[in-house]
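Shown here: run_19.cif, mmCIF, C-alpha atoms.
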data_work
#
loop_
_atom_site.label_atom_id
_atom_site.label_comp_id
_atom_site.auth_asym_id
_atom_site.auth_seq_id
_atom_site.Cartn_x
_atom_site.Cartn_y
_atom_site.Cartn_z
CA MET S 1 67.41 164.00 -50.51
CA ILE S 2 64.62 163.82 -53.08
CA PHE S 3 62.86 167.04 -54.04
CA ALA S 4 59.28 166.01 -54.76
CA GLY S 5 55.72 167.20 -54.91
CA SER S 6 52.90 165.86 -52.77
CA PHE S 7 52.01 162.26 -53.61
CA ASN S 8 49.47 161.96 -56.41
CA GLN S 9 48.90 158.55 -57.96
CA ASP S 10 47.84 160.18 -61.23
CA ILE S 11 51.19 161.95 -61.73
CA GLY S 12 53.77 159.38 -62.75
CA GLY S 13 56.80 161.61 -62.11
CA VAL S 14 55.76 162.31 -58.53
CA VAL S 15 55.08 158.62 -57.92
CA ALA S 16 58.54 157.77 -59.27
CA LEU S 17 60.24 160.28 -56.95
CA HIS S 18 58.44 158.93 -53.88
CA LYS S 19 59.20 155.34 -54.87
CA LEU S 20 62.86 156.16 -55.39
CA CYS S 21 63.03 157.33 -51.79
CA ASP S 22 61.32 154.14 -50.64
CA MET S 23 63.59 151.85 -52.66
CA LEU S 24 66.74 153.59 -51.47
CA ARG S 25 65.70 153.22 -47.85
CA ARG S 26 64.90 149.54 -48.37
CA GLU S 27 68.46 149.18 -49.69
CA GLY S 28 69.76 150.64 -46.43
CA HIS S 29 70.46 154.21 -47.54
CA ASP S 30 69.51 157.42 -45.75
CA ALA S 31 66.88 158.89 -48.06
CA TYR S 32 64.32 161.59 -47.36
CA LEU S 33 61.76 163.66 -49.22
CA TRP S 34 61.97 167.41 -49.34
CA PRO S 35 58.52 168.88 -50.18
CA GLU S 36 58.94 171.16 -53.18
CA THR S 37 56.96 173.96 -51.47
CA LEU S 38 59.07 173.86 -48.27
CA PRO S 39 61.50 176.82 -48.14
CA LYS S 40 65.05 176.31 -46.94
CA PHE S 41 66.28 178.44 -44.05
CA GLU S 42 69.45 180.33 -45.00
CA LEU S 43 71.80 181.79 -42.39
CA THR S 44 72.94 184.29 -45.00
CA SER S 45 69.38 185.61 -45.25
CA PRO S 46 67.70 184.71 -41.94
CA PHE S 47 64.86 187.24 -42.00
CA LYS S 48 63.79 186.63 -45.58
CA THR S 49 63.95 182.84 -45.46
CA GLY S 50 62.63 182.75 -41.89
CA ARG S 51 59.54 184.66 -43.00
CA ARG S 52 59.01 182.20 -45.85
CA LEU S 53 59.16 179.33 -43.36
CA TRP S 54 56.74 181.12 -41.05
CA ARG S 55 54.26 181.56 -43.90
CA TYR S 56 54.69 177.91 -44.89
CA HIS S 57 53.73 176.71 -41.42
CA ARG S 58 51.16 179.46 -40.89
CA ARG S 59 49.28 178.25 -43.96
CA LYS S 60 49.58 174.66 -42.70
CA GLN S 61 51.20 173.59 -45.95
CA ALA S 62 53.06 170.80 -44.18
CA ALA S 63 49.73 169.17 -43.32
CA LEU S 64 48.67 169.35 -46.97
CA TYR S 65 51.72 167.45 -48.17
CA LYS S 66 50.80 163.82 -48.80
CA THR S 67 52.86 160.66 -48.78
CA TRP S 68 51.74 157.10 -49.52
CA PRO S 69 51.29 154.93 -46.38
CA GLY S 70 52.90 151.88 -47.97
CA LEU S 71 56.13 153.70 -48.84
CA GLN S 72 59.04 154.59 -46.59
CA THR S 73 59.24 158.31 -47.33
CA PRO S 74 60.16 160.36 -44.24
CA ILE S 75 60.18 164.13 -44.58
CA ALA S 76 63.58 165.75 -44.20
CA HIS S 77 64.60 168.34 -41.61
CA GLN S 78 66.83 171.32 -42.31
CA SER S 79 69.75 169.50 -40.64
CA ASP S 80 69.44 166.63 -43.16
CA LEU S 81 70.55 168.95 -45.95
CA ARG S 82 74.15 169.14 -44.74
CA GLU S 83 76.32 167.48 -47.41
CA ALA S 84 73.19 165.83 -48.85
CA ILE S 85 72.97 164.70 -52.45
CA VAL S 86 69.78 166.32 -53.75
CA VAL S 87 67.78 164.71 -56.55
CA TYR S 88 65.75 167.14 -58.66
CA PRO S 89 63.44 166.16 -61.51
CA GLU S 90 64.06 167.94 -64.80
CA VAL S 91 61.07 170.27 -64.29
CA ILE S 92 62.68 172.06 -61.34
CA ASP S 93 64.34 175.32 -62.26
CA GLY S 94 67.88 175.66 -60.95
CA ASN S 95 68.93 174.54 -57.47
CA PRO S 96 66.36 175.91 -54.97
CA LEU S 97 68.01 174.14 -52.01
CA ARG S 98 71.45 175.47 -52.98
CA ALA S 99 72.82 171.96 -52.60
CA LYS S 100 76.52 171.27 -53.19
CA HIS S 101 75.78 167.88 -54.74
CA VAL S 102 73.00 167.72 -57.32
CA VAL S 103 71.57 164.87 -59.36
CA ARG S 104 69.11 165.74 -62.12
CA TRP S 105 66.68 162.92 -62.90
CA LEU S 106 65.25 163.25 -66.40
CA LEU S 107 61.70 161.97 -66.04
CA HIS S 108 60.89 163.47 -69.43
CA LYS S 109 62.81 165.26 -72.14
CA PRO S 110 64.52 168.36 -70.71
CA GLY S 111 62.41 171.43 -71.35
CA PHE S 112 59.34 169.50 -72.48
CA HIS S 113 57.11 170.80 -69.65
CA THR S 114 58.72 174.13 -68.82
CA LYS S 115 60.08 175.13 -72.28
CA ARG S 116 63.39 176.02 -70.63
CA ILE S 117 66.45 174.26 -69.26
CA ASN S 118 68.19 175.68 -66.20
CA PHE S 119 70.62 173.11 -64.84
CA GLY S 120 73.91 173.67 -63.01
CA PRO S 121 77.32 172.96 -64.58
CA GLU S 122 78.34 170.44 -61.91
CA GLU S 123 75.14 168.37 -61.93
CA ARG S 124 75.09 164.66 -62.65
CA PHE S 125 72.33 163.22 -64.83
CA PHE S 126 70.22 160.08 -64.75
CA PHE S 127 67.29 159.30 -67.02
CA TYR S 128 64.06 157.32 -66.65
CA LEU S 129 64.03 156.27 -70.29
CA LYS S 130 66.82 156.35 -72.85
CA ALA S 131 64.51 158.50 -74.99
CA PHE S 132 64.73 161.22 -72.30
CA ASP S 133 68.53 161.30 -72.20
CA ASP S 134 70.34 164.25 -73.75
CA PRO S 135 73.97 163.49 -74.66
CA SER S 136 74.73 167.22 -74.83
CA LEU S 137 73.96 167.45 -71.11
CA ASN S 138 74.87 163.99 -69.91
CA PRO S 139 78.28 162.47 -70.69
CA ASP S 140 77.30 159.15 -69.09
CA GLY S 141 74.84 157.37 -71.38
CA GLU S 142 74.59 154.40 -69.02
CA ASN S 143 72.88 156.28 -66.19
CA LEU S 144 69.47 154.64 -66.43
CA LEU S 145 67.38 155.05 -63.27
CA ARG S 146 63.98 153.49 -63.60
CA VAL S 147 61.61 152.69 -60.77
CA PRO S 148 58.15 151.09 -61.05
CA ALA S 149 55.67 153.96 -61.08
CA PHE S 150 52.53 151.82 -60.91
CA SER S 151 51.19 148.43 -59.93
CA ALA S 152 50.48 146.29 -62.99
CA ASP S 153 48.07 144.25 -60.88
CA PHE S 154 45.59 147.11 -60.89
CA TYR S 155 45.29 147.09 -64.67
CA ARG S 156 44.41 143.64 -65.92
CA GLN S 157 42.09 142.16 -68.49
CA THR S 158 38.71 141.12 -67.10
CA ASN S 159 36.71 141.21 -70.34
CA PHE S 160 37.57 138.42 -72.77
CA GLY S 161 34.36 138.82 -74.75
CA GLU S 162 33.04 141.45 -77.12
CA ARG S 163 34.42 144.97 -77.17
CA HIS S 164 33.15 148.05 -78.93
CA GLY S 165 34.36 151.58 -79.63
CA THR S 166 37.37 153.64 -78.71
CA CYS S 167 38.71 155.73 -75.87
CA TYR S 168 41.50 158.26 -75.94
CA LEU S 169 43.83 160.31 -73.79
CA MET S 170 45.35 163.77 -74.26
CA ARG S 171 47.33 164.72 -71.09
CA LYS S 172 50.76 165.92 -72.26
CA GLY S 173 49.51 165.72 -75.86
CA LYS S 174 46.95 168.47 -75.25
CA GLY S 175 46.74 170.78 -78.23
CA ARG S 176 47.74 168.17 -80.80
CA LYS S 177 45.54 167.59 -83.82
CA ILE S 178 42.86 164.94 -83.27
CA VAL S 179 43.23 162.26 -85.94
CA HIS S 180 40.59 159.74 -84.92
CA ASP S 181 36.77 159.79 -85.05
CA LEU S 182 35.53 161.39 -81.83
CA LYS S 183 31.99 160.06 -82.22
CA ASP S 184 31.25 157.97 -79.11
CA SER S 185 34.97 157.96 -78.23
CA VAL S 186 35.52 158.22 -74.46
CA LEU S 187 38.07 160.71 -73.09
CA VAL S 188 39.76 159.13 -70.05
CA ASP S 189 41.64 162.24 -68.90
CA GLY S 190 40.70 162.98 -65.30
CA MET S 191 39.17 159.58 -64.57
CA SER S 192 40.23 157.59 -61.53
CA HIS S 193 42.31 154.46 -62.08
CA ALA S 194 39.27 152.30 -61.31
CA GLU S 195 37.12 154.15 -63.87
CA THR S 196 39.88 154.04 -66.48
CA ALA S 197 40.41 150.29 -66.02
CA GLN S 198 36.67 149.74 -66.55
CA VAL S 199 36.76 151.71 -69.81
CA PHE S 200 39.87 149.84 -70.96
CA ASN S 201 38.03 146.57 -70.44
CA ARG S 202 35.02 147.74 -72.42
CA VAL S 203 36.44 149.34 -75.58
CA GLN S 204 38.32 147.82 -78.49
CA THR S 205 40.91 150.53 -79.06
CA PHE S 206 42.81 153.05 -76.95
CA ILE S 207 44.41 156.07 -78.66
CA SER S 208 46.99 158.20 -76.88
CA TYR S 209 48.09 161.65 -78.00
CA ASP S 210 50.63 161.64 -75.15
CA THR S 211 53.54 159.66 -76.57
CA TYR S 212 55.14 158.61 -73.28
CA THR S 213 52.26 157.95 -70.92
CA LEU S 214 52.04 154.68 -69.01
CA TYR S 215 48.35 154.62 -69.82
CA SER S 216 49.27 153.12 -73.18
CA VAL S 217 50.71 150.15 -71.29
CA PHE S 218 47.71 150.07 -68.93
CA ALA S 219 45.35 149.84 -71.91
CA ALA S 220 47.31 146.97 -73.46
CA LEU S 221 47.29 145.10 -70.14
CA CYS S 222 43.50 145.39 -70.15
CA GLY S 223 43.24 143.90 -73.65
CA CYS S 224 42.90 147.05 -75.74
CA VAL S 225 44.60 147.66 -79.04
CA SER S 226 46.85 150.43 -77.74
CA ILE S 227 47.83 153.06 -80.32
CA VAL S 228 50.20 155.97 -79.76
CA ILE S 229 49.86 158.87 -82.19
CA PRO S 230 53.44 159.58 -83.37
CA ASP S 231 55.14 162.90 -82.89
CA GLU S 232 55.98 164.53 -86.20
CA GLY S 233 59.51 163.71 -87.27
CA VAL S 234 60.08 161.13 -84.52
CA THR S 235 60.66 157.60 -85.78
CA LYS S 236 59.60 154.47 -83.96
CA ALA S 237 63.22 153.73 -83.02
CA GLN S 238 63.67 157.28 -81.71
CA TRP S 239 60.43 157.06 -79.75
CA PHE S 240 61.56 153.97 -77.83
CA PRO S 241 65.10 152.86 -78.74
CA ASP S 242 64.70 149.63 -76.74
CA PRO S 243 62.25 147.33 -78.61
CA ARG S 244 61.20 145.79 -75.30
CA ASP S 245 59.57 149.10 -74.35
CA ARG S 246 57.29 148.81 -77.42
CA CYS S 247 55.68 145.49 -76.48
CA GLY S 248 51.92 145.68 -76.89
CA LEU S 249 52.03 149.19 -78.35
CA ALA S 250 51.36 150.48 -81.85
CA TYR S 251 53.23 153.59 -82.99
CA GLY S 252 50.53 154.89 -85.28
CA PHE S 253 47.60 153.19 -86.97
CA ASP S 254 49.88 151.37 -89.42
CA ASP S 255 51.60 149.57 -86.54
CA ILE S 256 48.55 147.80 -85.05
CA GLU S 257 49.74 144.35 -86.08
CA HIS S 258 52.87 144.79 -83.96
CA ALA S 259 50.77 145.76 -80.93
CA VAL S 260 48.52 142.72 -81.28
CA GLN S 261 51.36 140.27 -81.91
CA THR S 262 53.51 141.46 -78.98
CA ARG S 263 50.82 142.13 -76.37
CA HIS S 264 51.28 138.67 -74.85
CA LEU S 265 54.91 139.58 -74.07
CA LEU S 266 53.98 142.63 -72.04
CA GLN S 267 53.38 141.03 -68.64
CA ALA S 268 56.68 139.14 -68.70
CA GLN S 269 58.48 142.29 -69.84
CA LEU S 270 57.05 144.28 -66.94
CA GLN S 271 58.14 141.61 -64.47
CA ALA S 272 61.64 141.65 -65.94
CA GLN S 273 61.72 145.43 -65.70
CA GLU S 274 60.79 145.23 -62.02
CA GLU S 275 63.92 143.21 -61.33
CA GLU S 276 65.98 145.54 -63.49
CA THR S 277 64.74 148.56 -61.55
CA LYS S 278 66.07 147.18 -58.28
CA GLU S 279 69.49 146.83 -59.87
CA SER S 280 69.29 150.32 -61.40
CA VAL S 281 68.61 151.81 -57.96
CA ARG S 282 71.64 149.96 -56.56
CA ARG S 283 73.79 151.28 -59.42
CA PHE S 284 72.41 154.76 -58.81
CA ALA S 285 73.52 154.67 -55.16
CA VAL S 286 76.98 153.40 -56.09
CA LYS S 287 77.45 156.03 -58.80
CA CYS S 288 76.31 158.84 -56.49
CA ALA S 289 78.95 157.75 -53.97
CA GLU S 290 81.55 157.86 -56.75
CA TYR S 291 80.40 161.23 -58.05
CA PHE S 292 80.25 162.84 -54.61
CA PRO S 293 82.79 161.14 -52.30
CA VAL S 294 82.59 162.04 -48.61
#
Entire entry expressed as structure tokens:
Amino acid sequence: MIFAGSFNQDIGGVVALHKLCDMLRREGHDAYLWPETLPKFELTSPFKTGRRLWRYHRRKQAALYKTWPGLQTPIAHQSDLREAIVVYPEVIDGNPLRAKHVVRWLLHKPGFHTKRINFGPEERFFFYLKAFDDPSLNPDGENLLRVPAFSADFYRQTNFGERHGTCYLMRKGKGRKIVHDLKDSVLVDGMSHAETAQVFNRVQTFISYDTYTLYSVFAALCGCVSIVIPDEGVTKAQWFPDPRDRCGLAYGFDDIEHAVQTRHLLQAQLQAQEEETKESVRRFAVKCAEYFPV
């Protein structure tokens, strides 16, 4: 059971949750989505939870919940919760479904978005990137669970001629100090993928104030010099411990040479990661069965 928001191709965490459900089903597992706004009916509190369900359906919230047609992501029923292993992203507070078996998937550093950490003592942890793992919470440092959250085919280089100017992105870096010249620099926040790809194929340099966004990879795939503005006190090795994750990316303006020299490796690295993700999903299913035996 995967606790997820409505599908939105601009929110990488939501895309990852929906794709995890799809990949598990393609591996032959019973996997369902539980919409994060859907209340659970509790026999211990039938009137209170029943009224919440009534309001949910009265407001037609079920019709507003979106899935992606190409993914196998059926919506769960109340009966599917019995003995289910529930996967929550790190942004969810506590255990809203009161599940007996809980997996917490760290799609970012714990507490980064919510400024608090409220996880249960019996939860098991998996992480999307090693940089998001927290050894104080997770005793198993091998629990990588990474699924492809985008199609690399969408972002590709179409301009092999002249390029001019810069573009930049804030997103999760909103509020950070701007360190580049904003004159004629294009802010891509809020643009569609098609619009963003066009900008990436027009400008020379992309600058990201969000240190872990996939848009840095998108920009490099389109031929930009892709620069990530470092977080204070975070070294390059701490940012991405695996050097393969840094292909085509510059960690600061002094690292541009690395981005240029490794950009040609990016496509092959993404293809290799796609194969690795299939294996990580298989390992995830095996480990869940070990953690929560029937």
Run the PyMOL selection byres ((chain S and resi 191) around 12) against the file shown and list the residues it catches, as a ChimeraX atom specification.
/S:9-10,167-169,171,186-190,192-200,215
Do you know which residues are at most 10 Å from segment 68-78 of chain S counting all atoms listed in the file, after dropping those on the same chain fewer than 6 positions away, and could you put them as number ranges by chain?
S: 1-3, 6-9, 15, 17-26, 30-35, 39-42, 62
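Nearest residue to Thr158 of chain S, choosing from S:Leu182, S:Ile117, S:Leu221, S:Ala259 and counting only C-alpha atoms: S:Leu221.
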Matched chain/residue IDs from the PyMOL selection byres ((chain S and resi 214) around 12), as a ChimeraX atom specification:
/S:10-13,148-152,155,169,171-172,193,208,210-213,215-221,226,228,245-246,248-249,270
Atomic separation - atom CA of His108 of chain S relative to atom CA of Gly94 of chain S, Å
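About the pair atom CA of Gly94 of chain S and atom CA of His108 of chain S: they are 16.4 Å apart.
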Å distance separating atom CA of Lys183 of chain S from atom CA of Asp231 of chain S, one decimal place:
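Taking atom CA of Lys183 of chain S and atom CA of Asp231 of chain S, their separation equals 23.3 Å.
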Find the distance between atom CA of Pro241 of chain S and atom CA of Phe132 of chain S and write it in Å to one decimal.
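Computed distance, atom CA of Pro241 of chain S to atom CA of Phe132 of chain S, equals 10.6 Å.
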